[in-house]
$ cat input17.cif   # mmCIF, C-alpha atoms
data_model
loop_
_atom_site.label_atom_id
_atom_site.label_comp_id
_atom_site.auth_asym_id
_atom_site.auth_seq_id
_atom_site.Cartn_x
_atom_site.Cartn_y
_atom_site.Cartn_z
CA MET Q 18 71.91 68.91 -62.01
CA SER Q 19 73.84 69.11 -58.81
CA GLY Q 20 73.17 68.67 -55.12
CA LYS Q 21 71.47 65.95 -53.11
CA PRO Q 22 68.03 64.69 -54.19
CA TYR Q 23 65.01 66.21 -52.50
CA SER Q 24 63.43 64.59 -49.43
CA ASN Q 25 60.50 62.22 -49.57
CA PRO Q 26 57.45 64.51 -50.10
CA TYR Q 27 55.37 62.80 -47.40
CA LEU Q 28 58.19 63.17 -44.87
CA ALA Q 29 58.74 66.83 -45.76
CA GLY Q 30 54.98 67.41 -45.69
CA PHE Q 31 54.84 65.85 -42.21
CA GLY Q 32 57.62 68.20 -41.07
CA LEU Q 33 55.80 71.16 -42.60
CA GLY Q 34 52.60 70.07 -40.82
CA LEU Q 35 54.45 69.97 -37.48
CA VAL Q 36 55.76 73.51 -38.09
CA LEU Q 37 52.18 74.64 -38.80
CA LEU Q 38 50.98 72.85 -35.66
CA ALA Q 39 53.75 74.54 -33.66
CA ALA Q 40 52.46 77.91 -34.90
CA PHE Q 41 48.94 77.04 -33.73
CA VAL Q 42 50.17 75.85 -30.34
CA ALA Q 43 52.62 78.70 -29.73
CA MET Q 44 50.76 81.60 -31.32
CA GLY Q 45 47.17 80.58 -31.95
CA ARG Q 46 47.67 81.43 -35.62
CA GLY Q 47 49.03 79.69 -38.68
CA LEU Q 48 51.57 80.39 -41.39
CA GLY Q 49 51.46 83.08 -44.06
CA ALA Q 50 53.29 84.64 -46.97
CA SER Q 51 51.07 87.05 -48.92
CA GLY Q 52 50.25 88.95 -45.72
CA ALA Q 53 53.93 89.86 -45.45
CA PHE Q 54 53.81 91.23 -49.02
CA ALA Q 55 50.77 93.33 -48.06
CA SER Q 56 52.62 94.56 -44.99
CA ALA Q 57 55.63 95.52 -47.11
CA ALA Q 58 53.41 97.27 -49.67
CA ALA Q 59 51.66 99.19 -46.89
CA ALA Q 60 55.03 100.22 -45.45
CA ALA Q 61 56.19 101.40 -48.89
CA VAL Q 62 53.07 103.52 -49.39
CA ALA Q 63 53.28 104.86 -45.81
CA THR Q 64 56.86 105.97 -46.48
CA ALA Q 65 56.17 107.54 -49.88
CA ALA Q 66 52.73 109.03 -49.15
CA PRO Q 67 51.81 108.76 -45.43
CA LYS Q 68 48.39 110.43 -45.79
CA SER Q 69 47.12 108.22 -48.60
CA ALA Q 70 48.36 105.10 -46.76
CA SER Q 71 46.42 105.77 -43.55
CA ALA Q 72 43.37 106.82 -45.61
CA ASN Q 73 43.47 103.51 -47.50
CA ASP Q 74 41.26 100.90 -45.84
CA TYR Q 75 43.42 98.05 -47.13
CA PHE Q 76 46.86 99.39 -46.17
CA ALA Q 77 45.79 101.04 -42.89
CA ARG Q 78 45.30 97.70 -41.15
CA TYR Q 79 48.96 96.80 -41.77
CA LEU Q 80 50.15 100.06 -40.17
CA SER Q 81 50.32 101.25 -36.56
CA ALA Q 82 47.51 103.41 -35.15
CA SER Q 83 49.51 106.51 -36.08
CA GLY Q 84 49.88 105.29 -39.68
CA ALA Q 85 53.57 104.34 -39.41
CA PRO Q 86 54.98 101.01 -40.66
CA ARG Q 87 55.15 98.43 -37.89
CA ILE Q 88 57.04 95.18 -37.46
CA ASP Q 89 54.54 92.57 -38.52
CA TRP Q 90 54.66 88.96 -37.24
CA LEU Q 91 54.32 87.64 -40.78
CA VAL Q 92 57.19 89.76 -42.12
CA VAL Q 93 59.53 88.30 -39.49
CA GLU Q 94 58.18 84.82 -40.26
CA LEU Q 95 58.87 85.32 -43.99
CA ILE Q 96 62.43 86.49 -43.24
CA GLY Q 97 62.72 83.16 -41.43
CA VAL Q 98 61.46 81.37 -44.56
CA VAL Q 99 64.23 82.98 -46.60
CA ILE Q 100 66.86 81.96 -44.01
CA GLY Q 101 65.52 78.42 -43.65
CA GLY Q 102 65.32 77.88 -47.41
CA PHE Q 103 68.81 79.29 -47.95
CA VAL Q 104 70.45 77.21 -45.21
CA SER Q 105 68.71 74.03 -46.36
CA ALA Q 106 69.78 74.59 -49.97
CA ILE Q 107 73.40 75.34 -49.00
CA LEU Q 108 73.63 72.22 -46.81
CA ALA Q 109 72.22 70.05 -49.60
CA GLY Q 110 74.37 71.64 -52.32
CA ARG Q 111 71.25 72.87 -54.12
CA PHE Q 112 71.94 76.62 -54.15
CA ARG Q 113 72.19 77.55 -57.83
CA ARG Q 114 72.16 80.89 -59.64
CA GLU Q 115 69.77 79.92 -62.37
CA ILE Q 116 66.56 80.79 -64.21
CA GLU Q 117 64.25 77.79 -63.88
CA LYS Q 118 62.08 77.41 -66.97
CA GLY Q 119 60.68 75.03 -69.54
CA PRO Q 120 62.86 73.84 -72.45
CA ARG Q 121 61.15 75.97 -75.13
CA ILE Q 122 61.03 79.42 -73.55
CA SER Q 123 63.73 82.13 -73.53
CA ASP Q 124 65.22 83.54 -70.33
CA SER Q 125 63.55 86.91 -70.82
CA GLY Q 126 60.24 85.25 -71.70
CA ARG Q 127 60.37 83.23 -68.52
CA LEU Q 128 61.20 86.26 -66.38
CA ARG Q 129 58.32 88.24 -67.94
CA LEU Q 130 55.88 85.41 -67.20
CA ALA Q 131 57.27 85.07 -63.66
CA PHE Q 132 56.62 88.77 -63.03
CA LEU Q 133 53.17 88.63 -64.66
CA GLY Q 134 52.15 85.48 -62.78
CA GLY Q 135 53.34 87.01 -59.53
CA GLY Q 136 51.24 90.11 -60.21
CA VAL Q 137 48.08 88.09 -60.96
CA MET Q 138 48.66 86.04 -57.79
CA GLY Q 139 49.00 89.31 -55.87
CA VAL Q 140 45.52 90.44 -56.97
CA GLY Q 141 44.09 87.02 -56.14
CA ALA Q 142 45.75 86.89 -52.73
CA VAL Q 143 44.30 90.29 -51.78
CA LEU Q 144 40.76 89.19 -52.71
CA ALA Q 145 41.14 85.78 -51.07
CA ARG Q 146 42.78 87.21 -47.91
CA GLY Q 147 45.76 84.90 -48.26
CA CYS Q 148 47.61 82.41 -50.38
CA THR Q 149 48.78 78.83 -50.34
CA SER Q 150 50.16 79.40 -46.82
CA GLY Q 151 47.54 81.50 -45.05
CA GLN Q 152 44.50 80.00 -46.77
CA ALA Q 153 45.36 76.55 -48.15
CA LEU Q 154 47.64 75.24 -45.38
CA THR Q 155 46.40 77.21 -42.37
CA GLY Q 156 42.70 77.52 -43.19
CA GLY Q 157 42.71 74.06 -44.75
CA ALA Q 158 43.95 72.47 -41.50
CA LEU Q 159 41.42 74.52 -39.51
CA LEU Q 160 38.62 73.37 -41.85
CA SER Q 161 37.54 76.89 -42.89
CA VAL Q 162 34.94 76.79 -45.67
CA GLY Q 163 36.45 79.84 -47.42
CA SER Q 164 39.91 78.26 -47.39
CA TRP Q 165 38.62 75.06 -49.00
CA ILE Q 166 36.80 77.16 -51.62
CA PHE Q 167 40.17 78.84 -52.25
CA ILE Q 168 41.99 75.49 -52.57
CA GLY Q 169 39.40 74.13 -55.02
CA ALA Q 170 39.25 77.31 -57.11
CA ALA Q 171 43.05 77.74 -57.25
CA PHE Q 172 43.79 74.18 -58.35
CA ALA Q 173 40.89 74.08 -60.84
CA ALA Q 174 42.03 77.38 -62.39
CA ALA Q 175 45.67 76.30 -62.52
CA TYR Q 176 44.74 73.07 -64.34
CA ALA Q 177 42.48 75.01 -66.71
CA ALA Q 178 45.28 77.48 -67.49
CA ALA Q 179 48.01 74.85 -67.85
CA PRO Q 180 47.25 73.76 -71.47
CA ILE Q 181 47.45 77.40 -72.62
CA LEU Q 182 50.86 77.71 -70.94
CA LYS Q 183 52.28 74.50 -72.37
CA ARG Q 184 54.94 76.33 -74.36
CA ALA Q 185 56.27 77.88 -71.16
CA TRP Q 186 56.71 74.65 -69.23
CA THR Q 187 56.97 71.64 -71.56
CA MET F 30 44.23 74.57 -21.03
CA ILE F 31 47.44 76.44 -21.66
CA ALA F 32 47.96 76.53 -25.41
CA PRO F 33 48.01 78.67 -27.53
CA PHE F 34 50.86 79.97 -25.37
CA PHE F 35 50.91 83.53 -26.74
CA GLU F 36 47.14 83.91 -26.29
CA SER F 37 47.56 82.67 -22.70
CA GLY F 38 50.11 85.42 -22.07
CA LEU F 39 53.00 83.01 -21.64
CA PHE F 40 55.39 85.21 -23.61
CA SER F 41 55.63 88.82 -24.72
CA GLU F 42 55.05 90.52 -28.07
CA THR F 43 58.82 90.77 -28.59
CA ALA F 44 59.29 87.09 -27.84
CA SER F 45 56.53 86.34 -30.35
CA LEU F 46 58.75 87.81 -33.07
CA ALA F 47 61.53 85.39 -32.13
CA VAL F 48 58.96 82.62 -32.41
CA ALA F 49 57.97 84.00 -35.83
CA LEU F 50 61.57 83.77 -37.01
CA LEU F 51 61.96 80.20 -35.75
CA ILE F 52 58.68 79.05 -37.28
CA GLY F 53 59.61 80.77 -40.55
CA ILE F 54 62.99 79.01 -40.61
CA GLY F 55 61.22 75.66 -40.14
CA PHE F 56 58.71 76.55 -42.86
CA GLY F 57 61.43 77.57 -45.35
CA TRP F 58 63.53 74.51 -44.46
CA PHE F 59 60.80 71.98 -45.25
CA LEU F 60 59.73 73.83 -48.40
CA GLU F 61 63.31 73.66 -49.72
CA ARG F 62 63.80 70.04 -48.55
CA SER F 63 60.78 68.92 -50.57
CA GLY F 64 61.85 70.82 -53.69
CA MET F 65 59.02 73.35 -53.45
CA GLY F 66 61.46 76.16 -54.22
CA SER F 67 61.84 74.85 -57.75
CA ALA F 68 59.44 76.31 -60.35
CA ARG F 69 60.07 73.41 -62.75
CA LYS F 70 59.05 70.93 -60.08
CA LEU F 71 55.98 72.93 -59.08
CA ALA F 72 54.85 73.35 -62.70
CA GLY F 73 55.08 69.55 -63.02
CA GLN F 74 52.01 69.41 -60.77
CA PHE F 75 49.88 71.04 -63.46
CA TYR F 76 51.15 68.73 -66.24
CA LEU F 77 50.75 65.63 -64.02
CA ARG F 78 54.47 64.81 -64.20
CA ASP F 79 55.30 65.46 -60.57
CA LEU F 80 52.63 65.67 -57.88
CA THR F 81 54.96 66.76 -55.06
CA VAL F 82 52.91 69.92 -54.43
CA PHE F 83 49.78 67.92 -53.72
CA LYS F 84 51.61 65.35 -51.59
CA VAL F 85 53.46 67.92 -49.46
CA MET F 86 50.46 70.21 -49.03
CA PHE F 87 47.97 67.51 -48.16
CA THR F 88 50.35 65.72 -45.79
CA ALA F 89 50.98 69.04 -44.02
CA ILE F 90 47.25 69.86 -43.82
CA ILE F 91 46.42 66.39 -42.47
CA THR F 92 49.28 66.47 -39.93
CA ALA F 93 48.35 69.89 -38.54
CA MET F 94 44.62 69.12 -38.64
CA LEU F 95 45.07 65.87 -36.66
CA GLY F 96 47.40 67.65 -34.24
CA VAL F 97 44.86 70.39 -33.57
CA PHE F 98 42.06 67.83 -33.26
CA TRP F 99 43.90 65.57 -30.80
CA LEU F 100 45.43 68.36 -28.71
CA GLY F 101 41.97 69.93 -28.47
CA TRP F 102 40.43 66.61 -27.50
CA ALA F 103 43.14 66.07 -24.86
CA GLY F 104 42.33 69.49 -23.44
CA VAL F 105 45.77 71.08 -23.85
CA LEU F 106 44.88 73.34 -26.79
CA ASP F 107 41.98 75.78 -26.55
CA LEU F 108 40.48 75.65 -30.05
CA ASP F 109 38.38 78.77 -29.41
CA ARG F 110 41.54 80.82 -29.16
CA ILE F 111 42.99 79.77 -32.49
CA PHE F 112 42.48 82.34 -35.21
CA VAL F 113 40.45 80.65 -37.97
CA PRO F 114 40.54 82.49 -41.35
CA GLU F 115 37.05 83.93 -41.96
CA THR F 116 34.98 83.08 -45.01
CA TRP F 117 33.95 85.48 -47.79
CA ILE F 118 32.51 83.16 -50.41
CA LEU F 119 32.66 85.11 -53.69
CA PRO F 120 35.89 87.08 -53.08
CA GLN F 121 37.66 83.87 -52.10
CA LEU F 122 36.28 82.02 -55.11
CA ALA F 123 37.37 84.80 -57.48
CA GLY F 124 40.65 85.30 -55.61
CA GLY F 125 41.33 81.57 -55.76
CA ILE F 126 40.74 81.50 -59.54
CA LEU F 127 43.08 84.45 -60.14
CA PHE F 128 45.63 82.96 -57.75
CA GLY F 129 45.56 79.61 -59.54
CA ILE F 130 46.06 81.24 -62.94
CA GLY F 131 48.97 83.28 -61.56
CA PHE F 132 50.42 80.13 -59.97
CA ALA F 133 50.35 78.30 -63.34
CA ILE F 134 51.90 81.29 -65.17
CA SER F 135 54.67 81.89 -62.63
CA GLY F 136 55.27 78.30 -61.51
CA LEU F 137 55.64 79.47 -57.91
CA CYS F 138 53.39 80.72 -55.11
CA PRO F 139 54.22 83.56 -52.67
CA GLY F 140 55.95 81.42 -50.02
CA THR F 141 57.78 79.18 -52.47
CA SER F 142 58.89 82.19 -54.56
CA CYS F 143 60.76 83.44 -51.50
CA VAL F 144 62.48 80.05 -51.15
CA ALA F 145 63.29 80.05 -54.88
CA ALA F 146 64.77 83.55 -54.61
CA ALA F 147 66.73 82.60 -51.46
CA THR F 148 68.25 79.60 -53.25
CA GLY F 149 69.56 81.60 -56.20
CA ARG F 150 66.68 81.27 -58.67
CA ILE F 151 66.35 84.54 -60.61
CA ASP F 152 62.82 83.62 -61.72
CA GLY F 153 61.93 83.41 -58.02
CA VAL F 154 63.07 87.02 -57.60
CA ALA F 155 60.85 88.04 -60.55
CA VAL F 156 57.82 86.34 -58.94
CA VAL F 157 58.54 88.09 -55.62
CA VAL F 158 58.71 91.48 -57.38
CA GLY F 159 55.56 90.70 -59.40
CA MET F 160 53.68 89.58 -56.30
CA PHE F 161 54.68 92.74 -54.44
CA SER F 162 53.56 94.88 -57.40
CA GLY F 163 50.24 93.03 -57.67
CA VAL F 164 49.43 93.53 -54.00
CA LEU F 165 50.58 97.17 -54.14
CA VAL F 166 48.44 98.07 -57.18
CA THR F 167 45.39 96.18 -55.86
CA GLY F 168 45.78 98.00 -52.55
CA LEU F 169 46.02 101.39 -54.27
CA PHE F 170 42.75 100.73 -56.15
CA PHE F 171 41.12 99.14 -53.11
CA THR F 172 38.15 101.55 -52.95
CA LYS F 173 36.96 100.28 -56.36
CA LEU F 174 37.09 96.70 -55.08
CA ALA F 175 35.82 97.27 -51.55
CA ASN F 176 32.17 96.35 -52.23
CA PHE F 177 33.06 93.03 -53.80
CA TYR F 178 35.85 92.43 -51.27
CA LEU F 179 33.37 92.67 -48.39
CA SER F 180 30.54 90.76 -50.07
CA THR F 181 29.18 87.32 -49.06
CA ALA F 182 30.78 87.48 -45.60
CA ARG F 183 30.18 84.40 -43.45
CA GLY F 184 32.55 85.12 -40.55
CA VAL F 185 34.26 82.10 -39.01
CA PHE F 186 32.53 79.32 -40.92
CA THR F 187 33.89 75.78 -40.84
CA LEU F 188 33.15 72.57 -42.72
CA PRO F 189 31.62 70.89 -39.62
CA GLN F 190 29.19 73.85 -39.40
CA LEU F 191 28.45 73.67 -43.12
CA PHE F 192 27.61 69.97 -43.05
CA HIS F 193 26.13 69.97 -39.51
CA VAL F 194 28.41 67.15 -38.37
CA ASP F 195 31.01 66.71 -35.63
CA GLN F 196 34.55 67.95 -36.24
CA GLY F 197 35.75 64.32 -36.09
CA VAL F 198 33.63 63.36 -39.10
CA ILE F 199 35.21 66.04 -41.29
CA VAL F 200 38.69 65.22 -39.95
CA LEU F 201 38.16 61.58 -40.95
CA ALA F 202 36.80 62.63 -44.37
CA VAL F 203 39.84 64.84 -45.08
CA VAL F 204 42.21 62.02 -44.04
CA LEU F 205 40.41 59.56 -46.34
CA LEU F 206 40.40 62.12 -49.17
CA GLY F 207 44.14 62.57 -48.68
CA VAL F 208 44.95 58.87 -48.54
CA GLY F 209 42.87 58.26 -51.68
CA GLY F 210 44.53 61.24 -53.35
CA PHE F 211 48.02 59.94 -52.47
CA GLN F 212 47.25 56.57 -54.10
CA LEU F 213 45.95 58.33 -57.19
CA ALA F 214 48.98 60.66 -57.28
CA GLU F 215 51.41 57.69 -57.20
CA LEU F 216 49.44 56.02 -59.99
CA ILE F 217 49.42 59.16 -62.17
CA GLU F 218 53.17 59.69 -61.66
CA LYS F 219 53.91 56.09 -62.60
CA ARG F 220 51.80 56.36 -65.73
CA SER F 221 53.34 59.71 -66.67
CA ALA F 222 56.87 58.31 -66.24
CA GLY F 223 55.91 55.39 -68.50
CA THR F 224 54.56 57.53 -71.35
CA SER F 225 57.13 60.32 -71.05
CA SER F 226 59.23 60.89 -74.14
CA GLU F 227 62.04 62.47 -72.12
#

$ encode --input "input17.cif" --output "structure tokens"
Amino acid sequence: MSGKPYSNPYLAGFGLGLVLLAAFVAMGRGLGASGAFASAAAAAVATAAPKSASANDYFARYLSASGAPRIDWLVVELIGVVIGGFVSAILAGRFRREIEKGPRISDSGRLRLAFLGGGVMGVGAVLARGCTSGQALTGGALLSVGSWIFIGAAFAAAYAAAPILKRAWT
Amino acid sequence: MIAPFFESGLFSETASLAVALLIGIGFGWFLERSGMGSARKLAGQFYLRDLTVFKVMFTAIITAMLGVFWLGWAGVLDLDRIFVPETWILPQLAGGILFGIGFAISGLCPGTSCVAAATGRIDGVAVVVGMFSGVLVTGLFFTKLANFYLSTARGVFTLPQLFHVDQGVIVLAVVLLGVGGFQLAELIEKRSAGTSSE
């Protein structure tokens, strides 16, 4: 292990909450992550097959009226996330080229599970209209019923799945 | 009433993208500071070793919720002009279940996978690629899902509306839930550190 220890979680959570509040005050909207993935996927389809992208009810809303990719607020925000995370890690000496995994799983096994888990989350985020950022944090703070259903369902499912995945993490 | 500033026309669409970048930088900064870019740390949440995810998330929710509540009460933030995520009961229940399973498998969520990738973690890159593929494939087969996707729509539907109480009552309940949860989280971590064989 190298680098400085992580911040106090309550302090970091308070900072994160102020960033979320700043988004509400400045923009009238919250944070997001999966929406940027949807925007990128829509842009990819619009570039490869413009007609099928604008005919697709899901992708069309992430494109301009003419069906071209557009610069989405959430994509720019997520670029910011990458910059902010990188700078913070560099300053704290925590940037490391590494595969984070449990002690009993191989590198390739971990990477396969990472890809698979990401894919399953992608399906879930489409159905739920958001992820931990857009639903849990944003909708949670705004007291949306659907967001609190999402929080409850996601944590319950993760705890239910955890024993099956013990070999991957412990 | 001036806030939200963008909704009040205080700055342009282009300026809003600069705001997006700044807010994103702050978001990524605090995620990294708390260790939320580390899959090992996040997975600890589901094995009750390390409850950082819960602590960070709930503190952030409570902070922003109280901020919105007080700024609205003081009359400087127009709550009607804040975009509240709409409710679709069954899709969000099913989506939440799938999301949680994917979270436990990958050890990261969409936002934190970007931080993991940005801080050198190769597994973070794999989650980003997987997430992109999942959204892409689901989008391509969207017509098959559309009926379910649009089912049980409730529009903007909040907890105060659900329970027929004032916003302040729910705000207080969430704060109490959080404070109780924090106590419990500290207790669980202490116990887990005591019984750990590591």

$ resolve_selection --input "input17.cif" --expression "the PyMOL selection byres ((chain Q and resi 44) around 9)" --output "list in words"
Ala39, Ala40, Phe41, Val42, Ala43, Gly45, Arg46 and Gly47 of chain Q; Ala32, Pro33, Phe34, Phe35, Glu36, Ser45, Val48, Ala49 and Ile111 of chain F

$ atom_distance --input "input17.cif" --atom1 "CA of Ser37 in chain F" --atom2 "CA of Gly101 in chain F"
15.1 Å

$ resolve_selection --input "input17.cif" --expression "the PyMOL selection byres ((chain F and resi 62) around 10)" --output "list in words"
Lys21, Pro22, Tyr23, Ser24, Asn25, Pro26, Leu28, Ala29, Gly30, Gly32, Gly101, Gly102, Ser105, Ala106, Ala109 and Arg111 of chain Q; Gly57, Trp58, Phe59, Leu60, Glu61, Ser63, Gly64, Met65 and Gly66 of chain F

$ resolve_selection --input "input17.cif" --expression "the PyMOL selection byres ((chain F and resi 164-167) around 10)" --output "VMD selection string"
(chain Q and resid 51 to 52 54 to 59 61 to 62 75 to 76 135 to 144) or (chain F and resid 159 to 163 168 to 174)

$ atom_distance --input "input17.cif" --atom1 "CA of Leu205 in chain F" --atom2 "CA of Ala175 in chain Q"
23.9 Å

$ closest_residue --input "input17.cif" --among "F:Phe75, F:Phe192, F:Trp102, F:Phe40" --to "chain Q" --atoms "all atoms listed in the file"
F:Phe75

$ closest_atom_pairs --input "input17.cif" --of "range 135-224 of chain F" --to "range 117-129 of chain F" --cutoff "6 Å" --atoms "all atoms listed in the file" --output "tab-separated table"
residue	atom	partner	partner_atom	distance
F:Tyr178	CA	F:Pro120	CA	5.6
F:Thr181	CA	F:Trp117	CA	5.3
F:Ala182	CA	F:Trp117	CA	4.3
F:Arg183	CA	F:Trp117	CA	5.8

$ atom_distance --input "input17.cif" --atom1 "CA of Gly55 in chain F" --atom2 "CA of Val85 in chain F"
14.4 Å

$ closest_residue --input "input17.cif" --among "Q:Ser125, Q:Ser161, Q:Thr155, Q:Thr187" --to "chain F" --atoms "all atoms listed in the file"
Q:Ser161

$ closest_atom_pairs --input "input17.cif" --of "range 177-227 of chain F" --to "range 91-94 of chain F" --cutoff "8 Å" --atoms "only C-alpha atoms" --output "tab-separated table"
residue	atom	partner	partner_atom	distance
F:Val200	CA	F:Met94	CA	7.2
F:Val203	CA	F:Ile91	CA	7.2
F:Val204	CA	F:Ile91	CA	6.3
F:Gly207	CA	F:Ile91	CA	7.6

$ closest_residue --input "input17.cif" --among "Q:Ala50, Q:Ala65, Q:Arg184, Q:Val36" --to "Pro120 in chain Q" --atoms "all atoms listed in the file"
Q:Arg184

$ axis_aligned_box --input "input17.cif" --around "range 81-86 of chain F" --padding-each-side "4 Å" --output "AutoDock Vina command-line options"
--center_x 52.4 --center_y 67.8 --center_z -52.0 --size_x 13.2 --size_y 12.9 --size_z 14.0

$ residues_around --input "input17.cif" --residues "range 80-88 of chain Q" --least-positions-apart "4" --cutoff "8 Å" --atoms "only C-alpha atoms" --output "list in words"
Ser56, Ala59, Ala60, Ala63, Thr64, Pro67, Ala70, Ser71, Phe76, Val92 and Val93 of chain Q

$ write_last_selection --input "input17.cif" --atoms "C-alpha atoms" --output "PDB file, in the frame of the given file"
ATOM      1  CA  SER Q  56      52.620  94.560 -44.990  1.00  0.00           C
ATOM      2  CA  ALA Q  59      51.660  99.190 -46.890  1.00  0.00           C
ATOM      3  CA  ALA Q  60      55.030 100.220 -45.450  1.00  0.00           C
ATOM      4  CA  ALA Q  63      53.280 104.860 -45.810  1.00  0.00           C
ATOM      5  CA  THR Q  64      56.860 105.970 -46.480  1.00  0.00           C
ATOM      6  CA  PRO Q  67      51.810 108.760 -45.430  1.00  0.00           C
ATOM      7  CA  ALA Q  70      48.360 105.100 -46.760  1.00  0.00           C
ATOM      8  CA  SER Q  71      46.420 105.770 -43.550  1.00  0.00           C
ATOM      9  CA  PHE Q  76      46.860  99.390 -46.170  1.00  0.00           C
ATOM     10  CA  VAL Q  92      57.190  89.760 -42.120  1.00  0.00           C
ATOM     11  CA  VAL Q  93      59.530  88.300 -39.490  1.00  0.00           C
TER      12      VAL Q  93
END

$ residues_around --input "input17.cif" --residues "Arg150 in chain F" --least-positions-apart "2" --cutoff "9 Å" --atoms "only C-alpha atoms" --output "ChimeraX atom specification"
/Q:112-117 /F:66-68,142,144-148,152-154

$ residues_near_point --input "input17.cif" --point "(34.3, 77.2, -40.1)" --cutoff "12 Å" --atoms "only C-alpha atoms" --output "PyMOL selection string"
(chain Q and resi 156-166) or (chain F and resi 108-109+111-117+183-196+199)

$ closest_residue --input "input17.cif" --among "F:Ile151, F:Ile31, F:Leu80, F:Ala72" --to "Gln212 in chain F" --atoms "only C-alpha atoms"
F:Leu80

$ closest_residue --input "input17.cif" --among "Q:Ala66, Q:Leu108, Q:Ala72, Q:Ala179" --to "chain F" --atoms "only C-alpha atoms"
Q:Ala179

$ decode --input "input17.cif" --residues "range 91-106 of chain Q" --atoms "N, CA and C atoms" --output "compact mmCIF listing (two decimals), in the first residue's frame"
# COMPACT_ATOMS: atom_id res chain seq x y z
N LEU Q 91 -24.29 15.83 -18.97
CA LEU Q 91 -23.76 14.76 -18.13
C LEU Q 91 -22.43 14.21 -18.62
N VAL Q 92 -22.21 14.24 -19.94
CA VAL Q 92 -20.93 13.77 -20.48
C VAL Q 92 -19.81 14.69 -20.01
N VAL Q 93 -20.05 16.00 -20.09
CA VAL Q 93 -19.05 16.97 -19.63
C VAL Q 93 -18.82 16.80 -18.12
N GLU Q 94 -19.92 16.60 -17.39
CA GLU Q 94 -19.80 16.39 -15.94
C GLU Q 94 -18.94 15.17 -15.65
N LEU Q 95 -19.15 14.07 -16.41
CA LEU Q 95 -18.39 12.84 -16.16
C LEU Q 95 -16.91 12.99 -16.54
N ILE Q 96 -16.63 13.82 -17.55
CA ILE Q 96 -15.23 14.14 -17.87
C ILE Q 96 -14.61 14.84 -16.66
N GLY Q 97 -15.40 15.71 -16.05
CA GLY Q 97 -14.95 16.37 -14.81
C GLY Q 97 -14.66 15.36 -13.71
N VAL Q 98 -15.50 14.35 -13.58
CA VAL Q 98 -15.30 13.31 -12.56
C VAL Q 98 -13.94 12.63 -12.76
N VAL Q 99 -13.64 12.32 -14.02
CA VAL Q 99 -12.36 11.67 -14.33
C VAL Q 99 -11.19 12.58 -13.94
N ILE Q 100 -11.31 13.88 -14.28
CA ILE Q 100 -10.24 14.84 -13.95
C ILE Q 100 -10.10 14.98 -12.44
N GLY Q 101 -11.23 15.18 -11.76
CA GLY Q 101 -11.22 15.37 -10.31
C GLY Q 101 -10.65 14.16 -9.59
N GLY Q 102 -11.06 12.97 -10.01
CA GLY Q 102 -10.55 11.74 -9.38
C GLY Q 102 -9.06 11.59 -9.61
N PHE Q 103 -8.62 11.86 -10.84
CA PHE Q 103 -7.20 11.74 -11.20
C PHE Q 103 -6.34 12.70 -10.39
N VAL Q 104 -6.75 13.97 -10.36
CA VAL Q 104 -5.96 14.99 -9.65
C VAL Q 104 -5.89 14.65 -8.16
N SER Q 105 -7.02 14.26 -7.58
CA SER Q 105 -7.04 13.93 -6.16
C SER Q 105 -6.11 12.76 -5.86
N ALA Q 106 -6.13 11.73 -6.72
CA ALA Q 106 -5.29 10.55 -6.50
C ALA Q 106 -3.81 10.89 -6.63
